file entry-v8.pdb (PDB, C-alpha atoms)
ATOM      1  CA  MET B   1      89.709  39.656 -14.429
ATOM      2  CA  THR B   2      86.498  37.869 -15.019
ATOM      3  CA  THR B   3      84.133  36.866 -12.178
ATOM      4  CA  THR B   4      81.858  33.917 -12.542
ATOM      5  CA  THR B   5      78.263  34.129 -11.182
ATOM      6  CA  SER B   6      76.477  30.953 -10.232
ATOM      7  CA  PRO B   7      73.100  30.489 -11.884
ATOM      8  CA  ALA B   8      69.877  30.897  -9.833
ATOM      9  CA  LEU B   9      68.645  27.468 -10.741
ATOM     10  CA  PRO B  10      67.911  26.352  -7.193
ATOM     11  CA  SER B  11      65.707  29.404  -6.566
ATOM     12  CA  ARG B  12      63.812  28.884  -9.788
ATOM     13  CA  SER B  13      63.441  25.183  -9.025
ATOM     14  CA  ASN B  14      62.099  25.981  -5.569
ATOM     15  CA  THR B  15      59.576  28.386  -7.109
ATOM     16  CA  ALA B  16      58.497  25.775  -9.639
ATOM     17  CA  ALA B  17      58.121  23.197  -6.857
ATOM     18  CA  LYS B  18      55.969  25.562  -4.834
ATOM     19  CA  VAL B  19      53.771  26.326  -7.842
ATOM     20  CA  THR B  20      53.436  22.579  -8.500
ATOM     21  CA  LEU B  21      52.544  22.051  -4.831
ATOM     22  CA  ILE B  22      49.775  24.675  -5.040
ATOM     23  CA  ILE B  23      48.454  23.100  -8.238
ATOM     24  CA  GLY B  24      48.409  19.665  -6.559
ATOM     25  CA  ILE B  25      46.481  21.040  -3.564
ATOM     26  CA  LEU B  26      43.954  22.744  -5.880
ATOM     27  CA  VAL B  27      43.472  19.531  -7.900
ATOM     28  CA  THR B  28      42.908  17.552  -4.672
ATOM     29  CA  ILE B  29      40.337  20.102  -3.469
ATOM     30  CA  LEU B  30      38.655  20.032  -6.896
ATOM     31  CA  GLY B  31      38.351  16.240  -6.690
ATOM     32  CA  SER B  32      36.746  16.417  -3.258
ATOM     33  CA  LEU B  33      34.338  19.167  -4.330
ATOM     34  CA  TRP B  34      33.418  17.231  -7.476
ATOM     35  CA  GLY B  35      32.456  14.210  -5.383
ATOM     36  CA  ILE B  36      30.414  16.254  -2.897
ATOM     37  CA  VAL B  37      28.532  18.330  -5.513
ATOM     38  CA  SER B  38      27.790  15.403  -7.854
ATOM     39  CA  ASN B  39      26.378  13.290  -5.000
ATOM     40  CA  SER B  40      24.291  16.037  -3.377
ATOM     41  CA  GLY B  41      21.431  15.682  -5.901
ATOM     42  CA  GLY B  42      20.493  12.189  -4.666
ATOM     43  CA  LYS B  43      21.258  10.521  -8.049
ATOM     44  CA  VAL B  44      24.680   8.873  -7.988
ATOM     45  CA  LEU B  45      26.377   8.350 -11.364
ATOM     46  CA  PRO B  46      29.425   6.051 -11.603
ATOM     47  CA  ILE B  47      31.244   8.483 -13.915
ATOM     48  CA  ASN B  48      31.096  11.223 -11.260
ATOM     49  CA  THR B  49      32.625   8.878  -8.673
ATOM     50  CA  ILE B  50      35.442   7.926 -11.099
ATOM     51  CA  ILE B  51      36.206  11.568 -11.941
ATOM     52  CA  ALA B  52      36.248  12.614  -8.272
ATOM     53  CA  GLY B  53      38.565   9.737  -7.330
ATOM     54  CA  ALA B  54      40.894  10.386 -10.261
ATOM     55  CA  LEU B  55      41.209  14.103  -9.467
ATOM     56  CA  THR B  56      41.846  13.392  -5.784
ATOM     57  CA  ALA B  57      44.485  10.767  -6.556
ATOM     58  CA  LEU B  58      46.151  13.002  -9.162
ATOM     59  CA  GLY B  59      46.222  15.962  -6.803
ATOM     60  CA  GLY B  60      47.702  13.824  -4.023
ATOM     61  CA  GLY B  61      50.391  12.558  -6.354
ATOM     62  CA  ILE B  62      51.308  16.071  -7.503
ATOM     63  CA  VAL B  63      51.449  17.285  -3.898
ATOM     64  CA  GLY B  64      53.678  14.383  -2.877
ATOM     65  CA  SER B  65      56.018  14.818  -5.839
ATOM     66  CA  SER B  66      56.352  18.590  -5.450
ATOM     67  CA  MET B  67      56.960  18.346  -1.720
ATOM     68  CA  GLN B  68      59.628  15.718  -2.283
ATOM     69  CA  ASP B  69      61.341  17.968  -4.844
ATOM     70  CA  LEU B  70      61.021  21.024  -2.600
ATOM     71  CA  PHE B  71      62.221  19.354   0.583
ATOM     72  CA  SER B  72      65.102  17.517  -1.112
ATOM     73  CA  ARG B  73      66.563  20.874  -2.093
ATOM     74  CA  THR B  74      66.564  21.895   1.560
ATOM     75  CA  ASN B  75      67.943  18.557   2.763
ATOM     76  CA  VAL B  76      64.761  17.522   4.567
ATOM     77  CA  ASP B  77      64.360  14.122   3.004
ATOM     78  CA  ARG B  78      63.226  12.605   6.276
ATOM     79  CA  GLY B  79      60.448  15.155   6.671
ATOM     80  CA  LEU B  80      59.457  14.622   3.054
ATOM     81  CA  SER B  81      59.048  10.899   3.581
ATOM     82  CA  ALA B  82      56.846  11.470   6.618
ATOM     83  CA  VAL B  83      54.717  14.058   4.827
ATOM     84  CA  SER B  84      54.465  11.893   1.727
ATOM     85  CA  ARG B  85      53.247   8.975   3.801
ATOM     86  CA  MET B  86      50.760  11.257   5.505
ATOM     87  CA  MET B  87      49.455  12.547   2.171
ATOM     88  CA  SER B  88      49.153   8.996   0.862
ATOM     89  CA  ASP B  89      47.161   8.060   3.953
ATOM     90  CA  VAL B  90      44.930  11.129   3.474
ATOM     91  CA  VAL B  91      44.322  10.230  -0.167
ATOM     92  CA  ALA B  92      43.528   6.617   0.746
ATOM     93  CA  GLU B  93      41.171   7.678   3.544
ATOM     94  CA  ASN B  94      39.481  10.210   1.278
ATOM     95  CA  SER B  95      38.944   7.528  -1.355
ATOM     96  CA  ARG B  96      37.496   5.175   1.281
ATOM     97  CA  VAL B  97      35.124   7.840   2.592
ATOM     98  CA  MET B  98      34.023   8.750  -0.934
ATOM     99  CA  ALA B  99      33.335   5.090  -1.768
ATOM    100  CA  ALA B 100      31.332   4.626   1.447
ATOM    101  CA  ALA B 101      29.345   7.813   0.803
ATOM    102  CA  THR B 102      28.632   6.712  -2.745
ATOM    103  CA  MET B 103      27.349   3.325  -1.584
ATOM    104  CA  ARG B 104      25.168   4.979   1.079
ATOM    105  CA  LEU B 105      23.678   7.441  -1.395
ATOM    106  CA  THR B 106      23.029   4.592  -3.823
ATOM    107  CA  ASP B 107      21.164   2.661  -1.109
ATOM    108  CA  ILE B 108      19.110   5.761  -0.246
ATOM    109  CA  ALA B 109      18.268   6.338  -3.912
ATOM    110  CA  ASP B 110      17.219   2.681  -4.304
ATOM    111  CA  GLY B 111      15.040   2.945  -1.189
ATOM    112  CA  ILE B 112      13.386   6.111  -2.436
ATOM    113  CA  GLY B 113      12.807   4.470  -5.809
ATOM    114  CA  SER B 114      11.194   1.371  -4.229
ATOM    115  CA  SER B 115       8.974   3.516  -2.014
ATOM    116  CA  ALA B 116       7.960   5.680  -4.959
ATOM    117  CA  ARG B 117       7.105   2.602  -7.042
ATOM    118  CA  ALA B 118       4.987   1.160  -4.195
ATOM    119  CA  SER B 119       3.172   4.483  -3.757
ATOM    120  CA  HIS B 120       2.602   4.680  -7.514
ATOM    121  CA  ASP B 121       1.122   1.157  -7.613
ATOM    122  CA  SER B 122      -1.160   1.918  -4.642
ATOM    123  CA  MET B 123      -2.370   5.172  -6.190
ATOM    124  CA  ARG B 124      -2.938   3.443  -9.539
ATOM    125  CA  ASP B 125      -5.033   0.679  -7.926
ATOM    126  CA  THR B 126      -7.026   3.197  -5.893
ATOM    127  CA  LEU B 127      -7.694   5.342  -8.956
ATOM    128  CA  ALA B 128      -8.677   2.328 -11.048
ATOM    129  CA  GLY B 129     -11.114   1.192  -8.347
ATOM    130  CA  SER B 130     -12.648   4.641  -8.075
ATOM    131  CA  MET B 131     -13.093   5.034 -11.838
ATOM    132  CA  SER B 132     -14.721   1.585 -12.230
ATOM    133  CA  ALA B 133     -17.155   2.106  -9.349
ATOM    134  CA  ARG B 134     -20.808   2.504 -10.345
ATOM    135  CA  PHE B 135     -22.194   3.142  -6.854
ATOM    136  CA  VAL B 136     -20.517   6.117  -5.199
ATOM    137  CA  SER B 137     -21.355   7.179  -1.652
ATOM    138  CA  ASP B 138     -20.247   9.650   0.985
ATOM    139  CA  GLU B 139     -16.977   8.285   2.416
ATOM    140  CA  LEU B 140     -17.876   9.517   5.915
ATOM    141  CA  GLN B 141     -20.938   7.258   5.824
ATOM    142  CA  LEU B 142     -19.037   4.365   4.233
ATOM    143  CA  ALA B 143     -16.161   4.429   6.734
ATOM    144  CA  PRO B 144     -18.067   2.614   9.564
ATOM    145  CA  LEU B 145     -18.911  -0.197   7.114
ATOM    146  CA  ARG B 146     -15.267  -0.943   6.255
ATOM    147  CA  LYS B 147     -14.904  -4.055   8.416
ATOM    148  CA  VAL B 148     -15.456  -7.803   8.221
ATOM    149  CA  TRP B 149     -19.172  -8.647   8.442
ATOM    150  CA  HIS B 150     -21.021 -11.909   9.035
ATOM    151  CA  HIS B 151     -23.845 -12.149   6.511
ATOM    152  CA  TYR B 152     -26.880 -14.451   6.592
ATOM    153  CA  HIS B 153     -29.704 -14.701   4.078
ATOM    154  CA  VAL B 154     -32.632 -17.020   3.444
ATOM    155  CA  THR B 155     -32.477 -19.200   0.337
ATOM    156  CA  GLN B 156     -34.338 -22.205  -0.945
ATOM    157  CA  ALA B 157     -32.935 -25.719  -0.886
ATOM    158  CA  GLY B 158     -35.437 -28.001  -2.581
ATOM    159  CA  ARG B 159     -38.744 -27.059  -0.955
ATOM    160  CA  GLU B 160     -37.090 -26.026   2.285
ATOM    161  CA  LEU B 161     -36.089 -22.508   3.291
ATOM    162  CA  ARG B 162     -32.674 -22.380   4.923
ATOM    163  CA  TRP B 163     -30.255 -19.691   6.100
ATOM    164  CA  LEU B 164     -26.942 -19.402   4.253
ATOM    165  CA  TYR B 165     -23.915 -17.978   6.068
ATOM    166  CA  SER B 166     -21.054 -16.122   4.369
ATOM    167  CA  ILE B 167     -18.311 -13.674   5.315
ATOM    168  CA  PHE B 168     -18.224 -10.201   3.787
ATOM    169  CA  PRO B 169     -14.701  -8.654   3.916
ATOM    170  CA  LEU B 170     -15.721  -5.042   3.346
ATOM    171  CA  ASP B 171     -12.386  -3.879   4.751
ATOM    172  CA  THR B 172     -10.357  -4.940   1.702
ATOM    173  CA  GLY B 173     -11.118  -2.035  -0.649
ATOM    174  CA  THR B 174      -9.026   1.161  -0.647
ATOM    175  CA  SER B 175     -10.900   3.249  -3.223
ATOM    176  CA  PRO B 176     -12.594   6.251  -1.609
ATOM    177  CA  ALA B 177     -16.382   6.688  -1.728
ATOM    178  CA  THR B 178     -16.998   3.091  -2.869
ATOM    179  CA  ILE B 179     -16.745  -0.486  -1.588
ATOM    180  CA  THR B 180     -16.360  -3.338  -4.063
ATOM    181  CA  THR B 181     -15.178  -6.789  -3.060
ATOM    182  CA  PRO B 182     -15.506 -10.436  -4.138
ATOM    183  CA  ILE B 183     -17.822 -12.571  -2.017
ATOM    184  CA  VAL B 184     -17.835 -16.385  -1.897
ATOM    185  CA  LEU B 185     -21.166 -18.166  -1.327
ATOM    186  CA  ILE B 186     -20.952 -21.895  -0.573
ATOM    187  CA  ASP B 187     -23.797 -24.156  -1.693
ATOM    188  CA  LEU B 188     -25.142 -27.427  -0.267
ATOM    189  CA  ALA B 189     -22.425 -29.417  -2.067
ATOM    190  CA  ARG B 190     -19.763 -27.240  -0.374
ATOM    191  CA  VAL B 191     -18.862 -25.648  -3.716
ATOM    192  CA  GLY B 192     -17.902 -21.968  -3.621
ATOM    193  CA  HIS B 193     -19.442 -19.450  -6.035
ATOM    194  CA  VAL B 194     -17.802 -16.042  -6.460
ATOM    195  CA  TYR B 195     -19.904 -12.892  -6.628
ATOM    196  CA  ASN B 196     -18.785  -9.303  -7.030
ATOM    197  CA  ALA B 197     -20.432  -7.223  -4.317
ATOM    198  CA  GLU B 198     -20.823  -3.455  -4.535
ATOM    199  CA  VAL B 199     -21.890  -1.607  -1.410
ATOM    200  CA  GLY B 200     -23.328   1.885  -1.102
ATOM    201  CA  ILE B 201     -25.220   3.955   1.421
ATOM    202  CA  ARG B 202     -27.743   6.788   1.306
ATOM    203  CA  THR B 203     -28.287   8.462   4.684
ATOM    204  CA  ASN B 204     -28.627   5.353   6.866
ATOM    205  CA  ARG B 205     -29.926   2.936   4.220
ATOM    206  CA  MET B 206     -27.346   0.459   2.939
ATOM    207  CA  PHE B 207     -27.624  -1.199  -0.469
ATOM    208  CA  ILE B 208     -25.706  -4.258  -1.662
ATOM    209  CA  ASN B 209     -25.696  -5.526  -5.227
ATOM    210  CA  PHE B 210     -24.278  -8.980  -6.079
ATOM    211  CA  THR B 211     -23.249 -10.003  -9.589
ATOM    212  CA  ARG B 212     -22.113 -13.522 -10.471
ATOM    213  CA  ALA B 213     -18.430 -13.380 -11.465
ATOM    214  CA  ASP B 214     -18.552 -16.309 -13.916
ATOM    215  CA  GLY B 215     -22.103 -16.581 -15.153
ATOM    216  CA  THR B 216     -25.267 -14.876 -16.386
ATOM    217  CA  GLU B 217     -27.292 -15.297 -13.208
ATOM    218  CA  PRO B 218     -29.540 -12.295 -12.468
ATOM    219  CA  SER B 219     -28.042  -9.914  -9.960
ATOM    220  CA  CYS B 220     -29.137  -9.954  -6.331
ATOM    221  CA  SER B 221     -29.991  -6.767  -4.455
ATOM    222  CA  GLU B 222     -30.309  -6.256  -0.713
ATOM    223  CA  ILE B 223     -31.342  -3.298   1.410
ATOM    224  CA  PHE B 224     -30.724  -2.729   5.093
ATOM    225  CA  PRO B 225     -33.073   0.145   5.995
ATOM    226  CA  GLN B 226     -31.513   1.218   9.306
ATOM    227  CA  MET B 227     -27.688   0.893   9.528
ATOM    228  CA  GLN B 228     -27.207   2.758  12.806
ATOM    229  CA  THR B 229     -23.578   2.567  13.862
ATOM    230  CA  PHE B 230     -24.426   1.921  17.523
ATOM    231  CA  ARG B 231     -25.923  -1.491  16.680
ATOM    232  CA  ASP B 232     -23.860  -4.519  15.713
ATOM    233  CA  VAL B 233     -26.704  -6.565  14.169
ATOM    234  CA  HIS B 234     -28.845  -5.265  11.290
ATOM    235  CA  SER B 235     -31.937  -6.719   9.607
ATOM    236  CA  GLY B 236     -32.746  -6.345   5.921
ATOM    237  CA  PHE B 237     -34.184  -8.149   2.943
ATOM    238  CA  GLY B 238     -33.253  -8.861  -0.651
ATOM    239  CA  ILE B 239     -34.397 -10.252  -3.970
ATOM    240  CA  ARG B 240     -32.334 -13.081  -5.440
ATOM    241  CA  GLN B 241     -32.536 -16.102  -7.687
ATOM    242  CA  THR B 242     -32.123 -19.248  -5.625
ATOM    243  CA  TRP B 243     -30.084 -22.234  -6.731
ATOM    244  CA  ASP B 244     -33.394 -23.947  -7.514
ATOM    245  CA  GLY B 245     -34.014 -21.320 -10.214
ATOM    246  CA  SER B 246     -36.872 -19.523  -8.473
ATOM    247  CA  HIS B 247     -36.818 -15.881  -7.373
ATOM    248  CA  LEU B 248     -37.138 -15.179  -3.693
ATOM    249  CA  LEU B 249     -37.827 -12.016  -1.728
ATOM    250  CA  GLY B 250     -36.197 -13.035   1.525
ATOM    251  CA  ARG B 251     -34.642 -11.906   4.778
ATOM    252  CA  ALA B 252     -31.002 -10.996   5.403
ATOM    253  CA  ILE B 253     -28.817 -10.211   8.423
ATOM    254  CA  MET B 254     -25.553  -8.279   8.713
ATOM    255  CA  SER B 255     -23.691  -8.757  11.998
ATOM    256  CA  GLU B 256     -20.297  -7.697  13.363
ATOM    257  CA  ARG B 257     -20.036 -11.015  15.215
ATOM    258  CA  PRO B 258     -21.206 -14.559  14.341
ATOM    259  CA  VAL B 259     -24.872 -15.091  15.160
ATOM    260  CA  VAL B 260     -24.359 -18.862  15.172
ATOM    261  CA  PRO B 261     -21.059 -19.532  17.005
ATOM    262  CA  ASP B 262     -18.581 -21.984  15.446
ATOM    263  CA  ALA B 263     -20.617 -22.313  12.237
ATOM    264  CA  ALA B 264     -18.688 -22.634   8.977
ATOM    265  CA  PRO B 265     -19.699 -20.579   5.919
ATOM    266  CA  GLY B 266     -22.324 -22.331   3.827
ATOM    267  CA  MET B 267     -25.847 -23.641   4.243
ATOM    268  CA  LEU B 268     -26.726 -23.844   7.941
ATOM    269  CA  ALA B 269     -28.594 -26.745   9.474
ATOM    270  CA  ALA B 270     -32.346 -26.324   9.825
ATOM    271  CA  GLU B 271     -31.988 -26.393  13.612
ATOM    272  CA  HIS B 272     -30.555 -22.851  13.449
ATOM    273  CA  ASN B 273     -33.564 -21.436  11.594
ATOM    274  CA  SER B 274     -35.429 -20.379  14.753
ATOM    275  CA  THR B 275     -32.383 -18.554  16.178
ATOM    276  CA  LEU B 276     -31.794 -16.555  13.010
ATOM    277  CA  ASP B 277     -35.536 -15.929  12.544
ATOM    278  CA  ASP B 278     -35.683 -14.375  16.031
ATOM    279  CA  VAL B 279     -32.568 -12.230  15.437
ATOM    280  CA  TRP B 280     -33.959 -10.898  12.163
ATOM    281  CA  LEU B 281     -37.420 -10.189  13.619
ATOM    282  CA  THR B 282     -35.960  -8.406  16.650
ATOM    283  CA  GLY B 283     -33.953  -6.109  14.400
ATOM    284  CA  PHE B 284     -36.931  -5.389  12.190
ATOM    285  CA  ILE B 285     -39.154  -4.509  15.142
ATOM    286  CA  GLN B 286     -36.449  -2.277  16.640
ATOM    287  CA  ASN B 287     -36.287  -0.376  13.360
ATOM    288  CA  ARG B 288     -40.075   0.145  13.382
ATOM    289  CA  ILE B 289     -40.442  -1.338   9.922
ATOM    290  CA  HIS B 290     -43.771  -2.795   8.870
ATOM    291  CA  LEU B 291     -44.489  -5.048   5.935
ATOM    292  CA  GLU B 292     -47.516  -4.250   3.888
ATOM    293  CA  ASP B 293     -50.141  -6.977   3.832
ATOM    294  CA  LEU B 294     -50.161  -8.639   0.463
ATOM    295  CA  PRO B 295     -53.507  -8.504  -1.350
ATOM    296  CA  VAL B 296     -55.355 -11.776  -1.640
ATOM    297  CA  ALA B 297     -55.344 -13.158  -5.174
ATOM    298  CA  ARG B 298     -58.737 -12.916  -6.794
ATOM    299  CA  SER B 299     -60.116 -16.027  -8.331
TER     300      SER B 299
END
call {"tool": "encode", "arguments": {"input": "entry-v8.pdb", "output": "structure tokens"}}
result
Amino acid sequence: MTTTTSPALPSRSNTAAKVTLIIGILVTILGSLWGIVSNSGGKVLPINTIIAGALTALGGGIVGSSMQDLFSRTNVDRGLSAVSRMMSDVVAENSRVMAAATMRLTDIADGIGSSARASHDSMRDTLAGSMSARFVSDELQLAPLRKVWHHYHVTQAGRELRWLYSIFPLDTGTSPATITTPIVLIDLARVGHVYNAEVGIRTNRMFINFTRADGTEPSCSEIFPQMQTFRDVHSGFGIRQTWDGSHLLGRAIMSERPVVPDAAPGMLAAEHNSTLDDVWLTGFIQNRIHLEDLPVARS
């Protein structure tokens, strides 16, 4: 009498389903880890995002399929459907989170790149200004001068001496140990002339050199002998070529506030001469500076 044994197919199938389930879980975990590791460096590559999403989706599909096969053999189709839906939701949520994280990291990388470019441009401009400077000073002494100044100097208009008012923006430069800035001087016809001003200081003596930006006019040099920081008005003198073509050794004033209120930059009316003369003389006397008497020309 022959006995028939039923094959162990269901047991082997269950084992295969379990192995497939484990493989699906491992693939899903690998996809998640791929996304996290590839994005942790701060540089997000699209290919890494695609690979991470593909692995996660593939792992979720394998898990769902293996669980359906496993549970169907134990007549738990209803539980399988619920778990499959749950796994699908997990995969979808994981994909959404990965996409959001990728976008956020991309924004951060773009922000860092913009900031780095701005810092690079600022450093380049500062370095270029420092290398082109010809008058280098101690930055600790220059620092109090980095502000907007009101500048007045005597020039010649015809046969008349007049004060000319201009604004010196010495706060615009960023190069250390030097101050260079364009200055606009306005003539009698209200035409502006651009000069490149370079400022330096030795102890408490400030020097300013002006060079015409678009011409061959001789440079102008000024000196302010006593630039004490506790005073807001300073008296000095300079040598310059006037717009009449002559060369004039004349007076100059640097002030933190306007000496003539409400005056516009340019040649000031002669009625202000006495006010500016008194301001300059007061500063010169306070600094205990004396002018040497010029020798009388011999006939």
call {"tool": "residues_around", "arguments": {"input": "entry-v8.pdb", "residues": "Gly238 (chain B)", "least_positions_apart": "6", "cutoff": "6 Å", "atoms": "only C-alpha atoms", "output": "ChimeraX atom specification"}}
result
/B:221-222,249-250
call {"tool": "write_last_selection", "arguments": {"input": "entry-v8.pdb", "atoms": "C-alpha atoms", "output": "mmCIF file, in the coordinates of the input"}}
result
data_model
loop_
_atom_site.group_PDB
_atom_site.id
_atom_site.type_symbol
_atom_site.label_atom_id
_atom_site.label_comp_id
_atom_site.auth_asym_id
_atom_site.auth_seq_id
_atom_site.Cartn_x
_atom_site.Cartn_y
_atom_site.Cartn_z
ATOM 1 C CA SER B 221 -29.991 -6.767 -4.455
ATOM 2 C CA GLU B 222 -30.309 -6.256 -0.713
ATOM 3 C CA LEU B 249 -37.827 -12.016 -1.728
ATOM 4 C CA GLY B 250 -36.197 -13.035 1.525
#
call {"tool": "resolve_selection", "arguments": {"input": "entry-v8.pdb", "expression": "the PyMOL selection byres ((chain B and resi 260-271) around 7)", "output": "PDB file with C-alpha atoms, in the coordinates of the input"}}
result
ATOM      1  CA  ARG B 162     -32.674 -22.380   4.923  1.00  0.00           C
ATOM      2  CA  TRP B 163     -30.255 -19.691   6.100  1.00  0.00           C
ATOM      3  CA  LEU B 164     -26.942 -19.402   4.253  1.00  0.00           C
ATOM      4  CA  TYR B 165     -23.915 -17.978   6.068  1.00  0.00           C
ATOM      5  CA  SER B 166     -21.054 -16.122   4.369  1.00  0.00           C
ATOM      6  CA  LEU B 185     -21.166 -18.166  -1.327  1.00  0.00           C
ATOM      7  CA  ILE B 186     -20.952 -21.895  -0.573  1.00  0.00           C
ATOM      8  CA  ASP B 187     -23.797 -24.156  -1.693  1.00  0.00           C
ATOM      9  CA  LEU B 188     -25.142 -27.427  -0.267  1.00  0.00           C
ATOM     10  CA  ARG B 190     -19.763 -27.240  -0.374  1.00  0.00           C
ATOM     11  CA  PRO B 258     -21.206 -14.559  14.341  1.00  0.00           C
ATOM     12  CA  VAL B 259     -24.872 -15.091  15.160  1.00  0.00           C
ATOM     13  CA  HIS B 272     -30.555 -22.851  13.449  1.00  0.00           C
ATOM     14  CA  ASN B 273     -33.564 -21.436  11.594  1.00  0.00           C
TER      15      ASN B 273
END
call {"tool": "residues_around", "arguments": {"input": "entry-v8.pdb", "residues": "region 281-296 of chain B", "least_positions_apart": "2", "cutoff": "10 Å", "atoms": "all atoms listed in the file", "output": "PDB file with C-alpha atoms, in the frame of the given file"}}
result
ATOM      1  CA  PHE B 224     -30.724  -2.729   5.093  1.00  0.00           C
ATOM      2  CA  PRO B 225     -33.073   0.145   5.995  1.00  0.00           C
ATOM      3  CA  GLN B 226     -31.513   1.218   9.306  1.00  0.00           C
ATOM      4  CA  MET B 227     -27.688   0.893   9.528  1.00  0.00           C
ATOM      5  CA  GLN B 228     -27.207   2.758  12.806  1.00  0.00           C
ATOM      6  CA  ARG B 231     -25.923  -1.491  16.680  1.00  0.00           C
ATOM      7  CA  VAL B 233     -26.704  -6.565  14.169  1.00  0.00           C
ATOM      8  CA  HIS B 234     -28.845  -5.265  11.290  1.00  0.00           C
ATOM      9  CA  SER B 235     -31.937  -6.719   9.607  1.00  0.00           C
ATOM     10  CA  GLY B 236     -32.746  -6.345   5.921  1.00  0.00           C
ATOM     11  CA  ARG B 251     -34.642 -11.906   4.778  1.00  0.00           C
ATOM     12  CA  ILE B 253     -28.817 -10.211   8.423  1.00  0.00           C
ATOM     13  CA  LEU B 276     -31.794 -16.555  13.010  1.00  0.00           C
ATOM     14  CA  ASP B 277     -35.536 -15.929  12.544  1.00  0.00           C
ATOM     15  CA  ASP B 278     -35.683 -14.375  16.031  1.00  0.00           C
ATOM     16  CA  VAL B 279     -32.568 -12.230  15.437  1.00  0.00           C
ATOM     17  CA  ARG B 298     -58.737 -12.916  -6.794  1.00  0.00           C
ATOM     18  CA  SER B 299     -60.116 -16.027  -8.331  1.00  0.00           C
TER      19      SER B 299
END
call {"tool": "residues_near_point", "arguments": {"input": "entry-v8.pdb", "point": "(-28.5, 5.3, 4.6)", "cutoff": "12 Å", "atoms": "all atoms listed in the file", "output": "list in words"}}
result
Ser137, Asp138, Leu140, Gln141, Leu142, Pro144, Leu145, Val199, Gly200, Ile201, Arg202, Thr203, Asn204, Arg205, Met206, Phe207, Ile208, Ile223, Phe224, Pro225, Gln226, Met227, Gln228 and Thr229 of chain B
call {"tool": "atom_distance", "arguments": {"input": "entry-v8.pdb", "atom1": "CA of Glu256 (chain B)", "atom2": "CA of His153 (chain B)"}}
result
15.0 Å
call {"tool": "atom_distance", "arguments": {"input": "entry-v8.pdb", "atom1": "CA of Ile239 (chain B)", "atom2": "CA of His193 (chain B)"}}
result
17.7 Å
call {"tool": "resolve_selection", "arguments": {"input": "entry-v8.pdb", "expression": "the PyMOL selection byres ((chain B and resi 168) around 10)", "output": "number ranges by chain"}}
result
B: 147-151, 165-167, 169-172, 181-185, 197, 254-255
call {"tool": "atom_distance", "arguments": {"input": "entry-v8.pdb", "atom1": "CA of Gly245 (chain B)", "atom2": "CA of Thr211 (chain B)"}}
result
15.6 Å
call {"tool": "closest_residue", "arguments": {"input": "entry-v8.pdb", "among": "B:Val154, B:Leu30, B:Val191, B:Ile25", "to": "Gly61 (chain B)", "atoms": "only C-alpha atoms"}}
result
B:Ile25
